[in-house]
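What follows is one structure encoded as structure tokens, with my remarks underneath.
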Amino acid sequence: MKILMVLLVLLSFQKSVAQSYEQLMDLAGTQIKLEKYKDALLTFQKAFKKQDDKGKYDYANALVIALRCGKTDLAIEWLNEGVKLGLGDNEQELSYFKNDSIFKSIIHDLTYKKILAKMEAQIQQKYKLDKIWQDEILSNAISGKQASYQNARQGFALYHINQGGFEIPYLVFVPKGYQCDTPTRTLFFLHGGVSAQEASFTVDPQTRFEPIFTIADSTNSIVIYPFQKGNPGWKNYDNCSAIIATILAEVKLRYYINTNTMYLGGLSMGGNVSYRFAQEQNTPFRAFYTISARPKIGDFESENGIPELTHSIYSIHAKDDSLYTYDDLMKVYQQVEKRTKNWVLKSVESGGHGFSYLPTGKKSTLEFFRMIFNKEEE
């Protein structure tokens with residue numbers, strides 16, 4: 001049941017786009033905590049009829065409740081739907097479905113066994129694809145400065161810099177439309193999830209599925225994507241600034257970047273620091289952007305204590321974000337807007353903190369970036 005509680009937490013992150021669906025997921029979570037399993041089952045059934053953007057952990061919670069209510073066929077049906085969305089694609093989840101006592105009533109069911117076998121096959125395929133990608137990011141890397149820019153391979157390349165005694169990895173994503181004789185727009189992207197206490201600089205192969213790379217391919221933009229979690233992380237402004245400057249200098253030696261169309265921003269905690277960067281008098285970036293980030297009024301205050309904004313910054317946020325609430329963002333935005341029009345705020349009705357990972361959220365985020373480029377480069 002420990003895994004179930006973890007899934008309940010993840011459920012809140014994978015909320016879907018329709019508000020009614022989100023409310024039903026919240027209700028189901030409350031009913032589960034109160035052990036009102038029959039009520040929760042009815043809530044899940046009602047929700048699944050309403051929403052297209054379901055999350056795999058929605059199904060994970062629902063199938064457990066179905067089993068508690070003796071609905072084994074429904075549980076297996078929901079498990080199968082979850083697998084289609086990626087449920088059971090890692091060893092931890094597979095072990096849960098194999099060994100947790102909640103599944104003892106169906107562990108010998110032939111259909112259930114086939115689903116577990118499918119999970120195992122998907123995990124093995126995932127490992128193969130991850131290994132191919134890990135090899136590619138090394139082979140795609142371009143060695144130091146060249147006499148002229150080379151034709152870089154489409155996709156990802158891995159590099160490292162040394163900063164403060166740490167070897168910090170970063171990816172460069174090259175869109176399929178890149179030409180080595182044509183200067184190309186560049187997005188410097190700071191990822192979220194940097195709150196761990198211990199420093200971590202691992203390159204997760206699943207990073208390749210981050211929405212920013214699909215957006216970059218659609219807009220013919222290079223992406224620079226550094227990895228850093230824990231301390232000092234993006235929370236340390238001076239450290240973050242030094243990392244950005246060092247990486248940018250290296251990338252300019254290898255790729256034909258349009259220095260007039262470079263943008264800096266990020267997601268969640270990676271976006272938080274972008275507000276402060278937009279206050280710098282001298283910056284190599286044309287404008288800044290944030291996705292699901294939390295501004296502080298102090299990020300905008302000048303020496304005389306008055307909110308100001310030196311450079312343009314664009315933000316997109318879900319109105320139902322429960323981690324960094326839209327109301328808190330608006331309180332800061334309204335104060336800054338009285339002094340400057342350099343901050344453009346766009347919103348989506350729902351989708352939560354992770355709206356940009358949902359199908360409709362991906363579309364909204366792509367439109368958001370196209371809006372930025374149209375405004376800045378027209």
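FYI, nothing fancy with the structure tokens labels: chains A, B, ... in order, residues from 1 per chain, ligands from 1 as they appear.
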Give me the residues within 10 Å of Phe373 (chain A) as number ranges by chain, counting only C-alpha atoms and dropping any in the same chain fewer than 3 places off. A: 185, 219, 261, 263, 287, 367-370, 376-378
Would you output that residue set with all heavy atoms, as an mmCIF file, in the first residue's frame?
data_model
loop_
_atom_site.group_PDB
_atom_site.id
_atom_site.type_symbol
_atom_site.label_atom_id
_atom_site.label_comp_id
_atom_site.auth_asym_id
_atom_site.auth_seq_id
_atom_site.Cartn_x
_atom_site.Cartn_y
_atom_site.Cartn_z
ATOM 1 N N ARG A 185 18.052 30.282 -34.108
ATOM 2 C CA ARG A 185 17.495 30.683 -32.810
ATOM 3 C C ARG A 185 17.871 29.641 -31.743
ATOM 4 O O ARG A 185 17.936 28.446 -32.010
ATOM 5 C CB ARG A 185 15.990 30.783 -32.912
ATOM 6 C CG ARG A 185 15.291 31.140 -31.609
ATOM 7 C CD ARG A 185 13.793 30.929 -31.663
ATOM 8 N NE ARG A 185 13.163 31.699 -32.730
ATOM 9 C CZ ARG A 185 12.561 31.163 -33.762
ATOM 10 N NH1 ARG A 185 12.511 29.850 -33.896
ATOM 11 N NH2 ARG A 185 12.004 31.921 -34.693
ATOM 12 N N THR A 219 9.846 24.725 -34.186
ATOM 13 C CA THR A 219 10.177 26.136 -34.419
ATOM 14 C C THR A 219 11.608 26.320 -34.915
ATOM 15 O O THR A 219 12.091 27.446 -34.985
ATOM 16 C CB THR A 219 9.992 26.941 -33.114
ATOM 17 O OG1 THR A 219 10.848 26.396 -32.095
ATOM 18 C CG2 THR A 219 8.551 26.889 -32.649
ATOM 19 N N THR A 261 18.855 36.186 -31.362
ATOM 20 C CA THR A 261 17.607 35.496 -30.985
ATOM 21 C C THR A 261 17.916 34.342 -30.025
ATOM 22 O O THR A 261 17.637 33.184 -30.312
ATOM 23 C CB THR A 261 16.858 34.970 -32.227
ATOM 24 O OG1 THR A 261 17.743 34.136 -33.000
ATOM 25 C CG2 THR A 261 16.344 36.111 -33.074
ATOM 26 N N TYR A 263 17.142 33.005 -26.139
ATOM 27 C CA TYR A 263 16.157 33.180 -25.082
ATOM 28 C C TYR A 263 16.521 32.296 -23.893
ATOM 29 O O TYR A 263 16.973 31.158 -24.069
ATOM 30 C CB TYR A 263 14.756 32.804 -25.585
ATOM 31 C CG TYR A 263 14.304 33.608 -26.778
ATOM 32 C CD1 TYR A 263 14.658 33.235 -28.080
ATOM 33 C CD2 TYR A 263 13.521 34.752 -26.622
ATOM 34 C CE1 TYR A 263 14.251 33.971 -29.183
ATOM 35 C CE2 TYR A 263 13.098 35.500 -27.718
ATOM 36 C CZ TYR A 263 13.471 35.102 -28.993
ATOM 37 O OH TYR A 263 13.069 35.840 -30.088
ATOM 38 N N ALA A 287 15.155 37.876 -24.792
ATOM 39 C CA ALA A 287 14.008 37.917 -23.880
ATOM 40 C C ALA A 287 14.049 36.665 -23.015
ATOM 41 O O ALA A 287 14.888 35.773 -23.200
ATOM 42 C CB ALA A 287 12.697 37.997 -24.660
ATOM 43 N N GLU A 367 2.160 27.162 -28.870
ATOM 44 C CA GLU A 367 1.583 28.446 -29.278
ATOM 45 C C GLU A 367 2.201 29.603 -28.496
ATOM 46 O O GLU A 367 2.413 30.693 -29.033
ATOM 47 C CB GLU A 367 0.066 28.413 -29.069
ATOM 48 C CG GLU A 367 -0.650 27.449 -30.005
ATOM 49 C CD GLU A 367 -2.120 27.280 -29.661
ATOM 50 O OE1 GLU A 367 -2.538 27.791 -28.586
ATOM 51 O OE2 GLU A 367 -2.854 26.638 -30.441
ATOM 52 N N PHE A 368 2.502 29.350 -27.230
ATOM 53 C CA PHE A 368 3.144 30.349 -26.369
ATOM 54 C C PHE A 368 4.506 30.749 -26.936
ATOM 55 O O PHE A 368 4.810 31.941 -27.068
ATOM 56 C CB PHE A 368 3.280 29.755 -24.966
ATOM 57 C CG PHE A 368 4.153 30.524 -24.021
ATOM 58 C CD1 PHE A 368 3.762 31.763 -23.529
ATOM 59 C CD2 PHE A 368 5.363 29.989 -23.591
ATOM 60 C CE1 PHE A 368 4.565 32.455 -22.626
ATOM 61 C CE2 PHE A 368 6.172 30.667 -22.700
ATOM 62 C CZ PHE A 368 5.774 31.912 -22.218
ATOM 63 N N PHE A 369 5.310 29.777 -27.321
ATOM 64 C CA PHE A 369 6.630 30.089 -27.874
ATOM 65 C C PHE A 369 6.526 30.769 -29.237
ATOM 66 O O PHE A 369 7.297 31.688 -29.540
ATOM 67 C CB PHE A 369 7.483 28.820 -27.960
ATOM 68 C CG PHE A 369 8.178 28.488 -26.677
ATOM 69 C CD1 PHE A 369 7.672 27.524 -25.829
ATOM 70 C CD2 PHE A 369 9.347 29.145 -26.299
ATOM 71 C CE1 PHE A 369 8.298 27.212 -24.625
ATOM 72 C CE2 PHE A 369 9.982 28.855 -25.107
ATOM 73 C CZ PHE A 369 9.451 27.885 -24.264
ATOM 74 N N ARG A 370 5.587 30.345 -30.037
ATOM 75 C CA ARG A 370 5.409 31.002 -31.336
ATOM 76 C C ARG A 370 4.999 32.456 -31.161
ATOM 77 O O ARG A 370 5.419 33.331 -31.916
ATOM 78 C CB ARG A 370 4.372 30.235 -32.156
ATOM 79 C CG ARG A 370 4.932 28.941 -32.762
ATOM 80 C CD ARG A 370 3.900 28.169 -33.541
ATOM 81 N NE ARG A 370 4.527 27.083 -34.311
ATOM 82 C CZ ARG A 370 3.887 26.005 -34.737
ATOM 83 N NH1 ARG A 370 2.582 25.884 -34.487
ATOM 84 N NH2 ARG A 370 4.519 25.069 -35.413
ATOM 85 N N GLU A 376 8.940 39.152 -30.745
ATOM 86 C CA GLU A 376 10.322 39.587 -30.603
ATOM 87 C C GLU A 376 11.058 39.704 -31.921
ATOM 88 O O GLU A 376 11.996 40.508 -32.060
ATOM 89 C CB GLU A 376 11.094 38.607 -29.708
ATOM 90 C CG GLU A 376 10.650 38.604 -28.242
ATOM 91 C CD GLU A 376 10.992 39.910 -27.546
ATOM 92 O OE1 GLU A 376 12.036 40.522 -27.893
ATOM 93 O OE2 GLU A 376 10.227 40.330 -26.651
ATOM 94 N N GLU A 377 10.652 38.944 -32.924
ATOM 95 C CA GLU A 377 11.433 38.865 -34.153
ATOM 96 C C GLU A 377 10.721 39.431 -35.370
ATOM 97 O O GLU A 377 11.241 39.339 -36.480
ATOM 98 C CB GLU A 377 11.823 37.410 -34.403
ATOM 99 C CG GLU A 377 12.628 36.797 -33.261
ATOM 100 C CD GLU A 377 12.818 35.300 -33.394
ATOM 101 O OE1 GLU A 377 12.675 34.774 -34.524
ATOM 102 O OE2 GLU A 377 13.112 34.623 -32.371
ATOM 103 N N GLU A 378 9.529 39.954 -35.180
ATOM 104 C CA GLU A 378 8.778 40.475 -36.345
ATOM 105 C C GLU A 378 9.439 41.737 -36.900
ATOM 106 O O GLU A 378 10.087 42.492 -36.187
ATOM 107 C CB GLU A 378 7.335 40.775 -35.927
ATOM 108 C CG GLU A 378 7.192 41.835 -34.860
ATOM 109 C CD GLU A 378 5.758 42.041 -34.440
ATOM 110 O OE1 GLU A 378 4.891 41.268 -34.898
ATOM 111 O OE2 GLU A 378 5.493 42.977 -33.673
#
Find the residues around region 100-117 of chain A up to 8 Å (only C-alpha atoms counted), leave out those fewer than 5 positions away in its own chain, and share them as an MDAnalysis selection string. chainID A and resid 1 64 67:68 72 76 80 94:95
Looking at A:Ala121, A:Leu323, A:Met25, A:Val273, which one is nearest to Lys54 (chain A), with distances taken over only C-alpha atoms? A:Met25
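Here CA of Ile291 (chain A) stands at a distance of 5.2 Å from CA of Ile316 (chain A).
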Pick out the residues sitting within 10 Å of Gln206 (chain A), and hand them over as an mmCIF file with N, CA, C and O atoms, in the first residue's frame; count only C-alpha atoms, and ignore anything fewer than 5 positions along from it in its own chain.
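The result, stored in part.cif:
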data_model
loop_
_atom_site.group_PDB
_atom_site.id
_atom_site.type_symbol
_atom_site.label_atom_id
_atom_site.label_comp_id
_atom_site.auth_asym_id
_atom_site.auth_seq_id
_atom_site.Cartn_x
_atom_site.Cartn_y
_atom_site.Cartn_z
ATOM 1 N N LYS A 126 12.683 -0.551 -23.666
ATOM 2 C CA LYS A 126 13.065 0.769 -23.174
ATOM 3 C C LYS A 126 14.558 0.817 -22.883
ATOM 4 O O LYS A 126 15.242 1.782 -23.236
ATOM 5 N N ASP A 130 17.162 3.298 -24.621
ATOM 6 C CA ASP A 130 17.958 4.192 -23.773
ATOM 7 C C ASP A 130 19.443 4.049 -24.088
ATOM 8 O O ASP A 130 20.178 5.042 -24.148
ATOM 9 N N TRP A 133 20.284 5.733 -27.347
ATOM 10 C CA TRP A 133 20.314 7.190 -27.156
ATOM 11 C C TRP A 133 21.584 7.629 -26.433
ATOM 12 O O TRP A 133 22.209 8.621 -26.807
#
